[in-house]
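J.: Quick one: structure below, then a few questions.
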Amino acid sequence: MPRIQIITIILSVLLLLFIARLIIKGKLREEYAIVWILSTLLLIIFSFWREGFDTISNFLEVYSPPNLIFTGAIGAVLIYLLHLSVVVSKLQEQNKRLTQELANMRAQQQTDEKKNAG
Amino acid sequence: MQQRIAVIIPAYNEESAIAAVINSVNALNTSGSLYRFIPLVINDCSKDSTAEIINKSDCIPVHLAVNLGIGGAVQTGFIFALENGFDYAIQIDGDGQHPPEFIPKMLEELKAKNLDVIIGSRFLTNEGFQSTLARRMGINYFHHLNKWLVGVAIKDSTSGMRMLNRKALQVVNEYYPDEYPEPEAIVLYAVNNLNIGEFPVQMNERQGGVSSINTSGSVYYMFKVTLAIFFTYLRLKSKK
């Protein structure tokens, strides 16, 4: 087994363990972890199955296998970034509603207190 | 039965002008009047002494824990007015641009013409502060865009002096734009079949603070608001 293959396998497994640790410690929610676990599993599969990329590239008639990696990886990253933007937008909206409700509750409480005092 | 009108004043770092604005709103209340105007100041996480000033003033102070921007701040006031049974709500700027003495006149006009939303306009009589040429061109662009899209011709499309009845408050309770909300809100009102009118108001130049829109921001402003107008239109149309 070539050295690079051993290094890749070790790194991929470490990454998978790190993600598992984050989930266990509650720092990463499972729904966001799915993507990371899947990509790590892919990394591990292709670390073992070196001819895999050649086989797939041949099948798709990609001229050079590394091109397939770049296209696939960049595409996946872009889609995941889009997903994160959606998550951020949702969080922003929820954050706004919470802030508004809190501010209005405090104002209502104050005016009630004033009414009772006066 | 006296009717209550919430005068929503969004304030971000407005320590120099806010007290005077609150006082001139309170000065509208005369004994025996049919209406009671209550200043509702939304402090959008100001970094200056705005918070202390409004806490000491005769108004309802609403302090946002996180800076939400003009749209989120104004919407907070609309929600407060709706939930606390106010009959009408009017938004005016915290920097003294909008003279409160026009508020009762706008209210009369809103009732007389059976409107849901009435917008204070600089360009009906072209009196008072008229803004710069570049800004007027931008305002005119949104006037035409809205007219073409929803058939509502509001000349002062970016005016932040707007009165809403409870029917309109229900609409903005559901959704109100966050950033640069004024032109987009007109589309929101129109698609929800609210009656919108305009009323001539002589505005002042701002008495303190800085505009939220500078020269480099204006390109972004035009682009962002145009995009927002189209998407709001499509989203609301697809819901119906």
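In the structure tokens, the first chain shown is A, the next is B, and so on; residue numbers restart at 1 for each chain, and ligands run from 1 in the order shown.
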Set the cut-off to 10 Å and count only C-alpha atoms: what are the residues of chain B that reach chain A? Output as number ranges by chain.
T.: B: 40, 42-43, 59-69, 72-77, 79-81, 83-84, 178
J.: Please produce an output containing N, CA, C and O atoms for each residue in the selection, written as a compact mmCIF listing (two decimals), in the first residue's frame.
T.:
# COMPACT_ATOMS: atom_id res chain seq x y z
N LEU B 40 -44.12 56.11 20.77
CA LEU B 40 -43.61 54.76 21.03
C LEU B 40 -42.21 54.74 20.41
O LEU B 40 -42.06 54.64 19.20
N ILE B 42 -38.71 53.27 19.51
CA ILE B 42 -38.01 52.00 19.40
C ILE B 42 -36.51 52.29 19.37
O ILE B 42 -35.98 52.78 18.36
N ASN B 43 -35.84 51.99 20.46
CA ASN B 43 -34.40 52.20 20.53
C ASN B 43 -33.70 50.97 19.94
O ASN B 43 -33.66 49.92 20.54
N CYS B 59 -42.97 58.90 27.10
CA CYS B 59 -43.24 58.04 25.93
C CYS B 59 -43.18 56.59 26.39
O CYS B 59 -42.83 56.32 27.53
N ILE B 60 -43.55 55.68 25.49
CA ILE B 60 -43.34 54.26 25.79
C ILE B 60 -41.99 53.87 25.17
O ILE B 60 -41.85 53.87 23.95
N PRO B 61 -40.99 53.58 25.97
CA PRO B 61 -39.70 53.19 25.40
C PRO B 61 -39.66 51.69 25.13
O PRO B 61 -40.04 50.89 25.97
N VAL B 62 -39.22 51.34 23.94
CA VAL B 62 -39.06 49.92 23.58
C VAL B 62 -37.59 49.72 23.23
O VAL B 62 -37.10 50.32 22.28
N HIS B 63 -36.90 48.90 24.00
CA HIS B 63 -35.47 48.71 23.78
C HIS B 63 -35.21 47.36 23.11
O HIS B 63 -35.52 46.32 23.68
N LEU B 64 -34.65 47.40 21.91
CA LEU B 64 -34.29 46.15 21.23
C LEU B 64 -32.94 45.68 21.76
O LEU B 64 -32.00 46.47 21.86
N ALA B 65 -32.84 44.40 22.09
CA ALA B 65 -31.60 43.87 22.65
C ALA B 65 -30.53 43.69 21.57
O ALA B 65 -29.35 43.68 21.85
N VAL B 66 -30.99 43.56 20.33
CA VAL B 66 -30.08 43.35 19.21
C VAL B 66 -30.45 44.37 18.14
O VAL B 66 -31.63 44.64 17.94
N ASN B 67 -29.48 44.95 17.46
CA ASN B 67 -29.77 45.91 16.40
C ASN B 67 -30.46 45.22 15.23
O ASN B 67 -29.90 44.30 14.63
N LEU B 68 -31.68 45.66 14.91
CA LEU B 68 -32.45 44.98 13.86
C LEU B 68 -32.49 45.78 12.56
O LEU B 68 -32.91 45.28 11.54
N GLY B 69 -32.06 47.03 12.58
CA GLY B 69 -32.20 47.87 11.39
C GLY B 69 -33.59 48.49 11.37
O GLY B 69 -34.48 48.09 12.11
N GLY B 72 -36.93 46.17 10.95
CA GLY B 72 -37.24 45.37 12.13
C GLY B 72 -37.69 46.23 13.29
O GLY B 72 -38.57 45.84 14.05
N ALA B 73 -37.10 47.42 13.42
CA ALA B 73 -37.46 48.33 14.52
C ALA B 73 -38.89 48.84 14.33
O ALA B 73 -39.70 48.80 15.26
N VAL B 74 -39.19 49.29 13.13
CA VAL B 74 -40.54 49.82 12.86
C VAL B 74 -41.58 48.72 13.03
O VAL B 74 -42.65 48.93 13.62
N GLN B 75 -41.25 47.52 12.55
CA GLN B 75 -42.19 46.40 12.68
C GLN B 75 -42.47 46.10 14.15
O GLN B 75 -43.60 45.77 14.51
N THR B 76 -41.45 46.24 15.00
CA THR B 76 -41.65 46.04 16.44
C THR B 76 -42.75 46.98 16.94
O THR B 76 -43.64 46.57 17.69
N GLY B 77 -42.68 48.24 16.50
CA GLY B 77 -43.69 49.21 16.90
C GLY B 77 -45.08 48.83 16.38
O GLY B 77 -46.08 48.92 17.09
N ILE B 79 -46.19 45.87 15.69
CA ILE B 79 -46.69 44.71 16.45
C ILE B 79 -47.19 45.16 17.82
O ILE B 79 -48.25 44.74 18.28
N PHE B 80 -46.43 46.07 18.46
CA PHE B 80 -46.84 46.59 19.77
C PHE B 80 -48.19 47.27 19.67
O PHE B 80 -49.09 47.05 20.48
N ALA B 81 -48.35 48.10 18.64
CA ALA B 81 -49.60 48.84 18.46
C ALA B 81 -50.77 47.88 18.22
O ALA B 81 -51.85 48.04 18.78
N GLU B 83 -50.97 44.61 19.09
CA GLU B 83 -51.25 43.76 20.26
C GLU B 83 -51.84 44.54 21.43
O GLU B 83 -52.51 43.97 22.28
N ASN B 84 -51.55 45.86 21.48
CA ASN B 84 -52.04 46.64 22.61
C ASN B 84 -53.27 47.46 22.25
O ASN B 84 -53.60 48.44 22.93
N ASP B 178 -36.78 44.13 6.13
CA ASP B 178 -35.78 44.53 7.13
C ASP B 178 -35.02 45.79 6.75
O ASP B 178 -34.90 46.72 7.53
J.: Tell me, as a short mmCIF file (atom, residue, chain, number, x, y, z; two decimals) with C-alpha atoms, in the first residue's frame, which residues lie within 7 Å of Tyr88 (chain B), counting only C-alpha atoms; anything in the same chain fewer than 5 positions away does not count.
T.:
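The result, written out as out-v4.cif:
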data_model
loop_
_atom_site.label_atom_id
_atom_site.label_comp_id
_atom_site.auth_asym_id
_atom_site.auth_seq_id
_atom_site.Cartn_x
_atom_site.Cartn_y
_atom_site.Cartn_z
CA ARG B 4 -55.33 55.96 20.58
CA ILE B 5 -52.67 56.48 17.94
CA ALA B 6 -49.21 55.00 18.39
CA LEU B 164 -51.65 52.51 9.12
CA ASN B 165 -55.04 51.39 10.38
CA ARG B 166 -55.52 48.05 12.11
#
J.: Please extract the residues of region 134-216 of chain B with a backbone DSSP assignment of helix (DSSP H, G or I) and present them as a VMD selection string.
T.: chain B and resid 134 to 150 166 to 174 182 to 191 215 to 216
J.: May I have the selected residues written with N, CA and C atoms, as a compact mmCIF listing (two decimals), in the first residue's frame?
T.:
# COMPACT_ATOMS: atom_id res chain seq x y z
N ALA B 134 -30.17 63.66 -7.00
CA ALA B 134 -29.89 62.22 -7.15
C ALA B 134 -30.93 61.41 -6.37
N ARG B 135 -31.22 61.87 -5.16
CA ARG B 135 -32.19 61.14 -4.35
C ARG B 135 -33.59 61.22 -4.96
N ARG B 136 -33.93 62.40 -5.49
CA ARG B 136 -35.26 62.53 -6.10
C ARG B 136 -35.38 61.59 -7.30
N MET B 137 -34.26 61.41 -8.04
CA MET B 137 -34.29 60.49 -9.19
C MET B 137 -34.54 59.06 -8.72
N GLY B 138 -33.87 58.69 -7.63
CA GLY B 138 -34.08 57.35 -7.07
C GLY B 138 -35.52 57.16 -6.62
N ILE B 139 -36.05 58.17 -5.95
CA ILE B 139 -37.43 58.11 -5.45
C ILE B 139 -38.41 57.97 -6.62
N ASN B 140 -38.11 58.72 -7.69
CA ASN B 140 -38.94 58.69 -8.89
C ASN B 140 -38.89 57.33 -9.58
N TYR B 141 -37.71 56.71 -9.55
CA TYR B 141 -37.55 55.39 -10.15
C TYR B 141 -38.47 54.38 -9.45
N PHE B 142 -38.48 54.41 -8.10
CA PHE B 142 -39.34 53.47 -7.37
C PHE B 142 -40.82 53.81 -7.58
N HIS B 143 -41.11 55.09 -7.74
CA HIS B 143 -42.48 55.51 -8.05
C HIS B 143 -42.97 54.82 -9.32
N HIS B 144 -42.10 54.86 -10.36
CA HIS B 144 -42.50 54.27 -11.64
C HIS B 144 -42.51 52.74 -11.60
N LEU B 145 -41.52 52.17 -10.88
CA LEU B 145 -41.45 50.71 -10.77
C LEU B 145 -42.73 50.18 -10.09
N ASN B 146 -43.13 50.83 -9.00
CA ASN B 146 -44.32 50.40 -8.28
C ASN B 146 -45.59 50.60 -9.10
N LYS B 147 -45.61 51.71 -9.85
CA LYS B 147 -46.78 52.01 -10.66
C LYS B 147 -46.95 50.94 -11.74
N TRP B 148 -45.81 50.57 -12.33
CA TRP B 148 -45.85 49.57 -13.40
C TRP B 148 -46.21 48.18 -12.85
N LEU B 149 -45.66 47.85 -11.68
CA LEU B 149 -45.82 46.51 -11.14
C LEU B 149 -47.19 46.30 -10.51
N VAL B 150 -47.61 47.21 -9.64
CA VAL B 150 -48.87 47.00 -8.91
C VAL B 150 -49.90 48.08 -9.18
N ARG B 166 -55.76 49.40 11.57
CA ARG B 166 -55.52 48.05 12.11
C ARG B 166 -55.49 46.97 11.02
N LYS B 167 -56.24 47.19 9.94
CA LYS B 167 -56.22 46.23 8.84
C LYS B 167 -54.80 46.14 8.25
N ALA B 168 -54.17 47.31 8.08
CA ALA B 168 -52.81 47.34 7.54
C ALA B 168 -51.81 46.80 8.57
N LEU B 169 -52.08 47.04 9.85
CA LEU B 169 -51.18 46.53 10.89
C LEU B 169 -51.15 45.00 10.88
N GLN B 170 -52.32 44.38 10.58
CA GLN B 170 -52.35 42.92 10.48
C GLN B 170 -51.37 42.44 9.41
N VAL B 171 -51.31 43.18 8.30
CA VAL B 171 -50.44 42.79 7.18
C VAL B 171 -48.97 42.90 7.58
N VAL B 172 -48.58 44.03 8.19
CA VAL B 172 -47.16 44.21 8.52
C VAL B 172 -46.74 43.37 9.73
N ASN B 173 -47.71 42.88 10.48
CA ASN B 173 -47.41 41.97 11.58
C ASN B 173 -46.84 40.66 11.01
N GLU B 174 -47.39 40.23 9.86
CA GLU B 174 -46.94 38.99 9.22
C GLU B 174 -45.56 39.14 8.60
N GLU B 182 -39.17 51.03 2.73
CA GLU B 182 -40.28 51.88 2.26
C GLU B 182 -40.84 51.52 0.88
N PRO B 183 -40.00 51.49 -0.19
CA PRO B 183 -40.60 51.20 -1.51
C PRO B 183 -41.22 49.81 -1.57
N GLU B 184 -40.55 48.85 -0.93
CA GLU B 184 -41.04 47.47 -0.95
C GLU B 184 -42.37 47.35 -0.21
N ALA B 185 -42.51 48.12 0.89
CA ALA B 185 -43.74 48.03 1.67
C ALA B 185 -44.95 48.48 0.85
N ILE B 186 -44.75 49.42 -0.09
CA ILE B 186 -45.87 49.87 -0.94
C ILE B 186 -46.40 48.69 -1.76
N VAL B 187 -45.47 47.86 -2.28
CA VAL B 187 -45.88 46.66 -3.02
C VAL B 187 -46.64 45.71 -2.10
N LEU B 188 -46.10 45.58 -0.88
CA LEU B 188 -46.73 44.72 0.12
C LEU B 188 -48.18 45.14 0.37
N TYR B 189 -48.39 46.44 0.54
CA TYR B 189 -49.74 46.95 0.79
C TYR B 189 -50.64 46.73 -0.43
N ALA B 190 -50.09 47.03 -1.60
CA ALA B 190 -50.89 46.95 -2.82
C ALA B 190 -51.34 45.51 -3.10
N VAL B 191 -50.41 44.56 -2.95
CA VAL B 191 -50.76 43.17 -3.25
C VAL B 191 -51.78 42.65 -2.24
N THR B 215 -23.40 57.69 -0.57
CA THR B 215 -23.26 57.58 -2.02
C THR B 215 -22.94 56.16 -2.47
N SER B 216 -21.95 55.54 -1.81
CA SER B 216 -21.59 54.19 -2.25
C SER B 216 -22.71 53.21 -1.91
J.: Interatomic distance between CA of Ala20 (chain B) and CA of Ser49 (chain B)?
T.: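 Distance between the two atoms: 14.5 Å.
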J.: Run DSSP on the backbone of this structure and report the residues of region 9-239 of chain B it assigns to strand (DSSP E), as a PyMOL selection string.
T.: chain B and resi 9-11+35-43+60-63+88-91+117-121+162-165+196-200
J.: Restricting it to N, CA, C and O atoms, dump the selection as a compact mmCIF listing (two decimals), in the first residue's frame.
T.:
# COMPACT_ATOMS: atom_id res chain seq x y z
N ILE B 9 -41.52 55.89 16.66
CA ILE B 9 -40.33 56.65 16.32
C ILE B 9 -39.12 55.72 16.44
O ILE B 9 -38.64 55.47 17.53
N PRO B 10 -38.64 55.17 15.30
CA PRO B 10 -37.45 54.34 15.37
C PRO B 10 -36.24 55.24 15.64
O PRO B 10 -36.09 56.29 15.02
N ALA B 11 -35.39 54.85 16.58
CA ALA B 11 -34.26 55.70 16.94
C ALA B 11 -32.98 54.90 17.03
O ALA B 11 -32.89 53.93 17.78
N TYR B 35 -58.66 62.26 20.00
CA TYR B 35 -57.51 61.38 19.78
C TYR B 35 -56.46 61.56 20.86
O TYR B 35 -56.30 62.63 21.42
N ARG B 36 -55.75 60.47 21.11
CA ARG B 36 -54.60 60.56 22.00
C ARG B 36 -53.39 59.97 21.28
O ARG B 36 -53.40 58.82 20.85
N PHE B 37 -52.37 60.82 21.11
CA PHE B 37 -51.17 60.40 20.39
C PHE B 37 -50.09 59.98 21.39
O PHE B 37 -49.70 60.77 22.25
N ILE B 38 -49.66 58.75 21.29
CA ILE B 38 -48.71 58.23 22.27
C ILE B 38 -47.38 57.88 21.56
O ILE B 38 -47.34 57.01 20.69
N PRO B 39 -46.30 58.58 21.91
CA PRO B 39 -45.01 58.27 21.28
C PRO B 39 -44.50 56.91 21.73
O PRO B 39 -44.51 56.60 22.93
N LEU B 40 -44.12 56.11 20.77
CA LEU B 40 -43.61 54.76 21.03
C LEU B 40 -42.21 54.74 20.41
O LEU B 40 -42.06 54.64 19.20
N VAL B 41 -41.19 54.91 21.24
CA VAL B 41 -39.84 55.05 20.69
C VAL B 41 -39.14 53.71 20.70
O VAL B 41 -39.01 53.06 21.73
N ILE B 42 -38.71 53.27 19.51
CA ILE B 42 -38.01 52.00 19.40
C ILE B 42 -36.51 52.29 19.37
O ILE B 42 -35.98 52.78 18.36
N ASN B 43 -35.84 51.99 20.46
CA ASN B 43 -34.40 52.20 20.53
C ASN B 43 -33.70 50.97 19.94
O ASN B 43 -33.66 49.92 20.54
N ILE B 60 -43.55 55.68 25.49
CA ILE B 60 -43.34 54.26 25.79
C ILE B 60 -41.99 53.87 25.17
O ILE B 60 -41.85 53.87 23.95
N PRO B 61 -40.99 53.58 25.97
CA PRO B 61 -39.70 53.19 25.40
C PRO B 61 -39.66 51.69 25.13
O PRO B 61 -40.04 50.89 25.97
N VAL B 62 -39.22 51.34 23.94
CA VAL B 62 -39.06 49.92 23.58
C VAL B 62 -37.59 49.72 23.23
O VAL B 62 -37.10 50.32 22.28
N HIS B 63 -36.90 48.90 24.00
CA HIS B 63 -35.47 48.71 23.78
C HIS B 63 -35.21 47.36 23.11
O HIS B 63 -35.52 46.32 23.68
N TYR B 88 -54.71 53.26 15.51
CA TYR B 88 -53.88 53.57 14.36
C TYR B 88 -52.42 53.61 14.81
O TYR B 88 -52.15 53.76 16.00
N ALA B 89 -51.53 53.47 13.83
CA ALA B 89 -50.11 53.63 14.14
C ALA B 89 -49.50 54.47 13.04
O ALA B 89 -49.81 54.29 11.86
N ILE B 90 -48.66 55.43 13.43
CA ILE B 90 -47.94 56.20 12.42
C ILE B 90 -46.47 56.14 12.73
O ILE B 90 -46.05 56.17 13.88
N GLN B 91 -45.69 56.00 11.66
CA GLN B 91 -44.24 55.96 11.80
C GLN B 91 -43.68 57.31 11.41
O GLN B 91 -44.04 57.86 10.37
N VAL B 117 -53.74 52.89 4.41
CA VAL B 117 -52.39 53.41 4.59
C VAL B 117 -52.33 54.81 4.00
O VAL B 117 -52.84 55.04 2.90
N ILE B 118 -51.74 55.76 4.73
CA ILE B 118 -51.55 57.09 4.14
C ILE B 118 -50.09 57.49 4.32
O ILE B 118 -49.50 57.27 5.37
N ILE B 119 -49.52 58.01 3.24
CA ILE B 119 -48.09 58.30 3.22
C ILE B 119 -47.87 59.80 3.12
O ILE B 119 -48.43 60.46 2.23
N GLY B 120 -47.09 60.37 4.03
CA GLY B 120 -46.75 61.79 3.99
C GLY B 120 -45.79 62.05 2.84
O GLY B 120 -44.76 61.41 2.74
N SER B 121 -46.13 62.99 1.97
CA SER B 121 -45.38 63.15 0.73
C SER B 121 -44.82 64.56 0.58
O SER B 121 -45.52 65.54 0.80
N ARG B 162 -45.65 57.30 7.59
CA ARG B 162 -46.77 56.50 7.10
C ARG B 162 -47.71 56.13 8.23
O ARG B 162 -47.28 55.68 9.28
N MET B 163 -49.00 56.31 7.99
CA MET B 163 -49.98 55.92 9.00
C MET B 163 -50.74 54.69 8.53
O MET B 163 -51.11 54.59 7.36
N LEU B 164 -50.96 53.75 9.44
CA LEU B 164 -51.65 52.51 9.12
C LEU B 164 -52.85 52.31 10.05
O LEU B 164 -52.76 52.63 11.23
N ASN B 165 -53.93 51.78 9.50
CA ASN B 165 -55.04 51.39 10.38
C ASN B 165 -54.83 49.94 10.81
O ASN B 165 -53.83 49.32 10.46
N ILE B 196 -54.24 52.74 -0.50
CA ILE B 196 -53.09 53.58 -0.15
C ILE B 196 -53.31 54.99 -0.68
O ILE B 196 -53.74 55.18 -1.81
N GLY B 197 -53.03 55.98 0.14
CA GLY B 197 -53.13 57.37 -0.29
C GLY B 197 -51.91 58.15 0.10
O GLY B 197 -51.07 57.68 0.86
N GLU B 198 -51.83 59.37 -0.46
CA GLU B 198 -50.70 60.24 -0.17
C GLU B 198 -51.21 61.56 0.35
O GLU B 198 -52.29 62.01 -0.06
N PHE B 199 -50.47 62.18 1.24
CA PHE B 199 -50.90 63.45 1.80
C PHE B 199 -49.72 64.42 1.81
O PHE B 199 -48.62 64.04 2.20
N PRO B 200 -49.95 65.67 1.32
CA PRO B 200 -48.82 66.61 1.24
C PRO B 200 -48.30 67.02 2.62
O PRO B 200 -49.07 67.44 3.48
J.: How far is it from CA of Pro100 (chain B) to CA of Ala27 (chain B), in Å with one decimal?
T.: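 Separation of CA of Pro100 (chain B) and CA of Ala27 (chain B): 9.0 Å.
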J.: Rank A:Leu91, A:Ile37, A:Ala76, A:Ile44 by their smallest atom-to-atom distance to Ile23 (chain A), using only C-alpha atoms, and report the top residue only.
T.: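 Ranked by minimum distance to Ile23 (chain A), first place goes to A:Ile37.
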J.: Could you tell me which of B:His98, B:Leu82, B:Arg206, B:Thr158 comes closest to Ser16 (chain B) if we count only C-alpha atoms?
T.: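 Looking at the shortest contact to Ser16 (chain B), the residue is B:Arg206.
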J.: Mind checking which residues fall within 12 Å of Ile4 (chain A), counting only C-alpha atoms, ignoring those fewer than 4 positions away in the same chain, and posting them as a VMD selection string?
T.: chain A and resid 8 to 11 47 to 48 50
J.: Could you take the residues named above and write them with N, CA, C and O atoms, as a compact mmCIF listing (two decimals), in the first residue's frame?
T.:
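See out36.txt below for the written result:
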# COMPACT_ATOMS: atom_id res chain seq x y z
N THR A 8 -3.92 9.09 3.83
CA THR A 8 -5.29 9.52 3.56
C THR A 8 -6.29 8.74 4.41
O THR A 8 -7.23 9.31 4.96
N ILE A 9 -6.07 7.45 4.51
CA ILE A 9 -6.99 6.63 5.31
C ILE A 9 -6.99 7.09 6.76
O ILE A 9 -8.03 7.33 7.36
N ILE A 10 -5.78 7.32 7.31
CA ILE A 10 -5.69 7.75 8.71
C ILE A 10 -6.40 9.09 8.91
O ILE A 10 -7.20 9.28 9.83
N LEU A 11 -6.11 10.05 7.99
CA LEU A 11 -6.72 11.38 8.12
C LEU A 11 -8.25 11.31 8.04
O LEU A 11 -8.96 11.97 8.80
N SER A 47 -10.13 6.16 -0.47
CA SER A 47 -8.76 5.92 -0.02
C SER A 47 -8.40 4.45 -0.18
O SER A 47 -7.26 4.10 -0.51
N PHE A 48 -9.36 3.59 0.07
CA PHE A 48 -9.11 2.16 -0.11
C PHE A 48 -9.17 1.76 -1.59
O PHE A 48 -8.31 1.06 -2.10
N ARG A 50 -8.57 2.73 -4.83
CA ARG A 50 -7.84 3.75 -5.59
C ARG A 50 -8.26 3.79 -7.06
O ARG A 50 -8.22 4.83 -7.70
J.: Report, in Å with one decimal, the straight-line distance from CA of Asn195 (chain B) to CA of Ile22 (chain B).
T.: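 About the pair CA of Asn195 (chain B) and CA of Ile22 (chain B): they are 28.8 Å apart.
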